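Heads up, the thing below is written out as structure tokens.
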Amino acid sequence: MLRLPALLVFLLATLSLRAQLYMPRNVHAAYNKQTRSFDGRPGARYWQNTGRYNITLTANPPDRNVSGSEKIVYVNNSPDTLPVLVIRLILNIHKPGSIRNGDVTDDYLTTGVHIDRFTIDGHESFWNDGAGNNTWKAARLAKPLLPHDSVQLGFDWHYPISVQSNREGMIDSTTYFFAYFYPRVSVFDDYHGWDIIDFTDQQEFYNDFNDYTLTVNAPDNFVVWSTGTLQNPREVLQPAVADRLQESMRSDSIFHMATLADMLAHHVTAHHPMNSWKWTASDISDMTVAISDHFAWDASSVVVDDAIQRRASVQSAYNDTARDFHRMVEFGRHSLDWLSHHWPGVPYPFPKTTIVQGFADMEYPMMVNDGTNADPIFSRFVVEHEIAHTWFPFYMGINESRYAFMDEGWATTFELLIGRDDNGVQKADDFYKQFRINGWINDPSDEEDLPIITPENVLKNSAYGNNAYGKASIGYLAMKDMLGDDLFRKCLHAFMDRWHGKHPIPWDFFYTFNDVSGMDLNWFWNAWYFSNNYIDFGIQGVSNTRQGYAVTINNIGGYPAPMDVVVQYTDNTSETLHQAPVLWKADLKQAVVNIVTKKTVRSVSLNGGIFMDADETNNSWTAP
Ligand SMILES: [Zn+2]
């Protein structure tokens, strides 16, 4: 017999009540320091750093040289003294030899970012470009930046815009897209310190919330579109165009701000050798810009917040030949409307969005860069996905470099939900299965089954893609199935309310759902986000009971997914018993579903719908 001290017995009993979630040691330290809280809220000592950016960007197509100048006031809200600042120079991804996710052509390669001048608190400083680690550099300060103090940095720089365009670059010889275009201070956070993950063209954003003033100098007859609110429309546009822009902000109608003919006739911009377009945006994670001397420009607006009748502007800029883009403002209005009112059901948080025709299929704050497509239904699908990113990662400040599933998983989920309204459930679900689930569930390789919590910066290819998109999304949908729409929405909104404008990490999300639902959901999170699981159920057998039948189901893959148990009776009737994931709470390996009936069962089968099963050969049973 083994005797345990009473205290130990008590401890073992309480520990066994609650499955704990794995927490990396650095994250655990943050919770212990109370920057984060075990109830899912920001901790009593939560902090994040911020900056005020005043940027001037000058471009003169078809000259490929782009130059910039900026002042940054960087505020250290952390309790730490910072002897160095990490500066992001993401466009160095274009330099030969940079660490990069995929192959590139010569048209992608450039000499990268050239820092022409660097000042600290107004003093000329030596910019050390150093060797290696091209997309970020550590800049040593003349004197360390103390807690709750700020430092002013100045940069002058230039770079050649790349001929090959993806997330940024030349869309054509006189249409440029500028993203990641200015030196910025990388994120210094409470759980990892400086973010020094190399930009490899796989990760997208992890940025502080900053305030921006941006001036874009562009030649006469070039229109500039940007993140932010245009401060001087009457200085840079012809009066009639400025009037139409203003009118579009108050109307559901779609206005042609500029047609191709207007652009070619030079009827759009004010006629100065260079126009200076001034933009501001506050509490936002990035700025992105497009310029063109021939793209058409449409505009409208839509009510995104019913309570205060707030409208958001929806604009598009495109080559006249792109047929789908002639409907892009319509698609954009629908996206803002639906996403504001249904899922996530939080009013679009910005004053504007602009959808630019490029090649990236990529989101930016208040901007989208999408390719043109022959099928307008597909174009609408892509823009809905990109605009859904407004909430995750931009409103929520997600660290996509490490936890891409916290934003791609949501954009993928919202894309399905809006698609069901657009195209019908069957069509949307079929597309979701084909596009988001099929590749993962039907590939038995080990890289497909890595836990979703694995830091995304160490993953590549399908391991990255499926963890970030399909597996994460269908996990959220499984939780939605279990909690029901009302409770799921309440938990999601609480998470968004607690963390918007901040930097939540996965544990903040999981703990908020536990807290707000009043349930210990760790068994679910653990099985879905922290384990090497997938979806595979199998019927072990069907037996007679006093009330009818008992179906014993094995959970071979380990994911607690919902499913329908479809029962066929010998009288040719059938019945569908939906099983929410809670079926697997007591025992993740095996569960019994009872069929209460006086009829005789002919066969039983399992149907997961979008929750596709890796092996369907064991999903049915027929009476002997
Ligand atoms: Zn996405």
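Ligands are numbered from 1 in the order shown, residues from 1 within each chain, and chains are lettered A, B, ... in the order they appear in the structure tokens.
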
Exercise for review: Please identify every polymer residue within 10 Å of ligand 1, using only C-alpha atoms and all ligand atoms, and present the set as a list in words.
Suggested key: Glu204, Asp361, Met362, Glu363, Val382, Val383, Glu384, His385, Glu386, Ile387, Ala388, His389, Phe392, Pro393, Ala404, Phe405, Asp407, Glu408, Gly409, Trp410, Ala411, Thr412, Glu415, Ala468 and Tyr469 of chain A

Need the shell around Gln246 in chain A: protein/DNA/RNA residues with any atom at most 10 Å away, counting only C-alpha atoms. Skip same-chain ones fewer than 5 positions apart. Format as a PyMOL selection string? chain A and resi 233+240-241+251+299-300+313

Please return, as a ChimeraX atom specification, all residues of range 455-587 of chain A that DSSP assigns to strand (DSSP E) on the basis of the backbone. /A:537-544,548-555,563-569,574-579

Practice problem: May I have all residues of range 289-359 of chain A that DSSP, computed from the backbone, assigns to alpha helix (DSSP H), given as an NGL selection string? | Solution: :A and (328-341)

Within 7 Å of range 573-597 of chain A, which residues of range 452-547 of chain A show up? Give each one with its shortest atom-to-atom distance in Å (one decimal) and the two atoms involved, counting only C-alpha atoms, rows by chain then rising residue number, as a Markdown table.
```
| residue | atom | partner | partner_atom | distance |
| --- | --- | --- | --- | --- |
| A:Ala478 | CA | A:Pro581 | CA | 6.8 |
| A:Asp481 | CA | A:Ala580 | CA | 6.2 |
| A:Met482 | CA | A:Ala580 | CA | 5.1 |
| A:Trp523 | CA | A:Lys585 | CA | 6.8 |
| A:Gln547 | CA | A:Val596 | CA | 5.3 |
```

Selection file, N, CA and C atoms, as a tab-separated table (two decimals), in the first residue's frame:
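Everything below was put into part25.tsv:
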```
chain	number	residue	atom	x	y	z
A	478	ALA	N	-15.07	23.98	-35.24
A	478	ALA	CA	-15.47	22.90	-34.32
A	478	ALA	C	-15.88	23.49	-32.98
A	481	ASP	N	-19.27	24.98	-33.35
A	481	ASP	CA	-20.28	23.91	-33.34
A	481	ASP	C	-20.61	23.50	-31.89
A	482	MET	N	-19.59	23.45	-31.06
A	482	MET	CA	-19.79	22.96	-29.68
A	482	MET	C	-20.46	24.02	-28.81
A	523	TRP	N	-9.23	20.79	-22.59
A	523	TRP	CA	-9.17	19.47	-23.23
A	523	TRP	C	-9.31	19.61	-24.75
A	547	GLN	N	-33.00	0.75	-24.95
A	547	GLN	CA	-33.79	1.77	-25.64
A	547	GLN	C	-33.61	1.75	-27.16
```

Do a neighbour search on range 194-199 of chain A at 8 Å with only C-alpha atoms, toss out local chain neighbours closer than 4 positions, and write the hits as a PyMOL selection string.
-> chain A and resi 86+90+93+99-100+133-136+186-189+203+401+457

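The smallest atom-to-atom distance between Ala527 in chain A and any of A:Leu21, A:Ile437, A:Val542, A:Ala265, using only C-alpha atoms, is found for A:Leu21.
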
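Of the listed residues A:Met367, A:Ala428, A:Val516, A:Met406, the one whose atoms come nearest to Phe381 in chain A is A:Ala428, with distances taken using only C-alpha atoms.
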
Item to check | For range 45-58 of chain A: contacts at 8 Å, only C-alpha atoms, fewer than 6 positions along chain excluded, given as a VMD selection string | outcome: chain A and resid 33 to 36 66 to 78 187 to 190 208 to 218 502 to 503

What does the file look like for those residues with N, CA and C atoms, as an mmCIF file, in the first residue's frame?
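Writing done, so here's again38.cif:
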```cif
data_model
loop_
_atom_site.group_PDB
_atom_site.id
_atom_site.type_symbol
_atom_site.label_atom_id
_atom_site.label_comp_id
_atom_site.auth_asym_id
_atom_site.auth_seq_id
_atom_site.Cartn_x
_atom_site.Cartn_y
_atom_site.Cartn_z
ATOM 1 N N LYS A 33 4.985 37.549 -14.680
ATOM 2 C CA LYS A 33 5.281 38.983 -14.479
ATOM 3 C C LYS A 33 4.016 39.827 -14.567
ATOM 4 N N GLN A 34 2.883 39.173 -14.814
ATOM 5 C CA GLN A 34 1.577 39.836 -14.889
ATOM 6 C C GLN A 34 1.452 40.814 -16.042
ATOM 7 N N THR A 35 2.215 40.585 -17.122
ATOM 8 C CA THR A 35 1.896 41.354 -18.327
ATOM 9 C C THR A 35 0.716 40.705 -19.041
ATOM 10 N N ARG A 36 0.496 39.430 -18.765
ATOM 11 C CA ARG A 36 -0.687 38.714 -19.261
ATOM 12 C C ARG A 36 -1.330 38.008 -18.087
ATOM 13 N N VAL A 66 13.300 55.044 -55.747
ATOM 14 C CA VAL A 66 12.311 55.535 -54.794
ATOM 15 C C VAL A 66 13.083 56.060 -53.601
ATOM 16 N N SER A 67 12.736 57.270 -53.124
ATOM 17 C CA SER A 67 13.481 57.787 -51.984
ATOM 18 C C SER A 67 12.539 58.178 -50.856
ATOM 19 N N GLY A 68 13.063 58.116 -49.657
ATOM 20 C CA GLY A 68 12.247 58.416 -48.495
ATOM 21 C C GLY A 68 13.033 59.127 -47.424
ATOM 22 N N SER A 69 12.279 59.775 -46.554
ATOM 23 C CA SER A 69 12.878 60.485 -45.428
ATOM 24 C C SER A 69 11.876 60.376 -44.288
ATOM 25 N N GLU A 70 12.333 60.144 -43.088
ATOM 26 C CA GLU A 70 11.361 60.027 -41.987
ATOM 27 C C GLU A 70 11.955 60.443 -40.659
ATOM 28 N N LYS A 71 11.051 60.831 -39.767
ATOM 29 C CA LYS A 71 11.379 61.036 -38.354
ATOM 30 C C LYS A 71 10.499 60.073 -37.570
ATOM 31 N N ILE A 72 11.119 59.349 -36.659
ATOM 32 C CA ILE A 72 10.373 58.421 -35.808
ATOM 33 C C ILE A 72 10.574 58.843 -34.361
ATOM 34 N N VAL A 73 9.490 59.052 -33.625
ATOM 35 C CA VAL A 73 9.607 59.175 -32.168
ATOM 36 C C VAL A 73 9.193 57.821 -31.599
ATOM 37 N N TYR A 74 10.155 57.098 -31.048
ATOM 38 C CA TYR A 74 9.888 55.751 -30.543
ATOM 39 C C TYR A 74 9.783 55.803 -29.026
ATOM 40 N N VAL A 75 8.680 55.287 -28.512
ATOM 41 C CA VAL A 75 8.386 55.395 -27.081
ATOM 42 C C VAL A 75 8.556 54.030 -26.428
ATOM 43 N N ASN A 76 9.390 53.981 -25.420
ATOM 44 C CA ASN A 76 9.653 52.738 -24.693
ATOM 45 C C ASN A 76 8.733 52.658 -23.473
ATOM 46 N N ASN A 77 7.640 51.943 -23.590
ATOM 47 C CA ASN A 77 6.723 51.760 -22.452
ATOM 48 C C ASN A 77 7.084 50.555 -21.603
ATOM 49 N N SER A 78 8.159 49.862 -21.992
ATOM 50 C CA SER A 78 8.527 48.636 -21.277
ATOM 51 C C SER A 78 9.288 48.993 -20.000
ATOM 52 N N VAL A 187 9.229 45.075 -33.342
ATOM 53 C CA VAL A 187 8.460 44.968 -32.093
ATOM 54 C C VAL A 187 9.365 44.462 -30.968
ATOM 55 N N PHE A 188 9.323 45.172 -29.876
ATOM 56 C CA PHE A 188 9.926 44.689 -28.628
ATOM 57 C C PHE A 188 8.756 44.357 -27.717
ATOM 58 N N ASP A 189 8.624 43.081 -27.338
ATOM 59 C CA ASP A 189 7.437 42.697 -26.578
ATOM 60 C C ASP A 189 7.775 42.071 -25.234
ATOM 61 N N ASP A 190 6.718 41.767 -24.488
ATOM 62 C CA ASP A 190 6.869 41.320 -23.104
ATOM 63 C C ASP A 190 7.193 39.838 -22.985
ATOM 64 N N ASP A 208 4.057 47.112 -34.277
ATOM 65 C CA ASP A 208 3.448 47.943 -33.233
ATOM 66 C C ASP A 208 2.336 48.802 -33.822
ATOM 67 N N PHE A 209 1.474 49.292 -32.955
ATOM 68 C CA PHE A 209 0.457 50.271 -33.358
ATOM 69 C C PHE A 209 1.080 51.660 -33.255
ATOM 70 N N ASN A 210 1.152 52.340 -34.384
ATOM 71 C CA ASN A 210 1.826 53.635 -34.455
ATOM 72 C C ASN A 210 0.885 54.701 -34.998
ATOM 73 N N ASP A 211 1.316 55.949 -34.896
ATOM 74 C CA ASP A 211 0.630 57.056 -35.561
ATOM 75 C C ASP A 211 1.489 57.490 -36.751
ATOM 76 N N TYR A 212 0.824 57.746 -37.871
ATOM 77 C CA TYR A 212 1.561 58.080 -39.088
ATOM 78 C C TYR A 212 1.085 59.384 -39.709
ATOM 79 N N THR A 213 2.071 60.160 -40.167
ATOM 80 C CA THR A 213 1.821 61.225 -41.125
ATOM 81 C C THR A 213 2.684 60.885 -42.333
ATOM 82 N N LEU A 214 2.049 60.779 -43.501
ATOM 83 C CA LEU A 214 2.771 60.338 -44.688
ATOM 84 C C LEU A 214 2.528 61.327 -45.820
ATOM 85 N N THR A 215 3.608 61.803 -46.422
ATOM 86 C CA THR A 215 3.502 62.632 -47.626
ATOM 87 C C THR A 215 4.080 61.844 -48.787
ATOM 88 N N VAL A 216 3.302 61.690 -49.844
ATOM 89 C CA VAL A 216 3.791 60.995 -51.033
ATOM 90 C C VAL A 216 3.924 62.022 -52.156
ATOM 91 N N ASN A 217 5.140 62.221 -52.624
ATOM 92 C CA ASN A 217 5.384 63.118 -53.757
ATOM 93 C C ASN A 217 5.352 62.307 -55.044
ATOM 94 N N ALA A 218 4.420 62.661 -55.925
ATOM 95 C CA ALA A 218 4.283 61.947 -57.200
ATOM 96 C C ALA A 218 4.050 62.970 -58.294
ATOM 97 N N LYS A 502 -3.832 45.643 -29.251
ATOM 98 C CA LYS A 502 -2.743 45.085 -28.430
ATOM 99 C C LYS A 502 -2.140 43.883 -29.168
ATOM 100 N N HIS A 503 -1.332 43.135 -28.442
ATOM 101 C CA HIS A 503 -0.638 42.005 -29.050
ATOM 102 C C HIS A 503 -1.007 40.691 -28.357
#
```
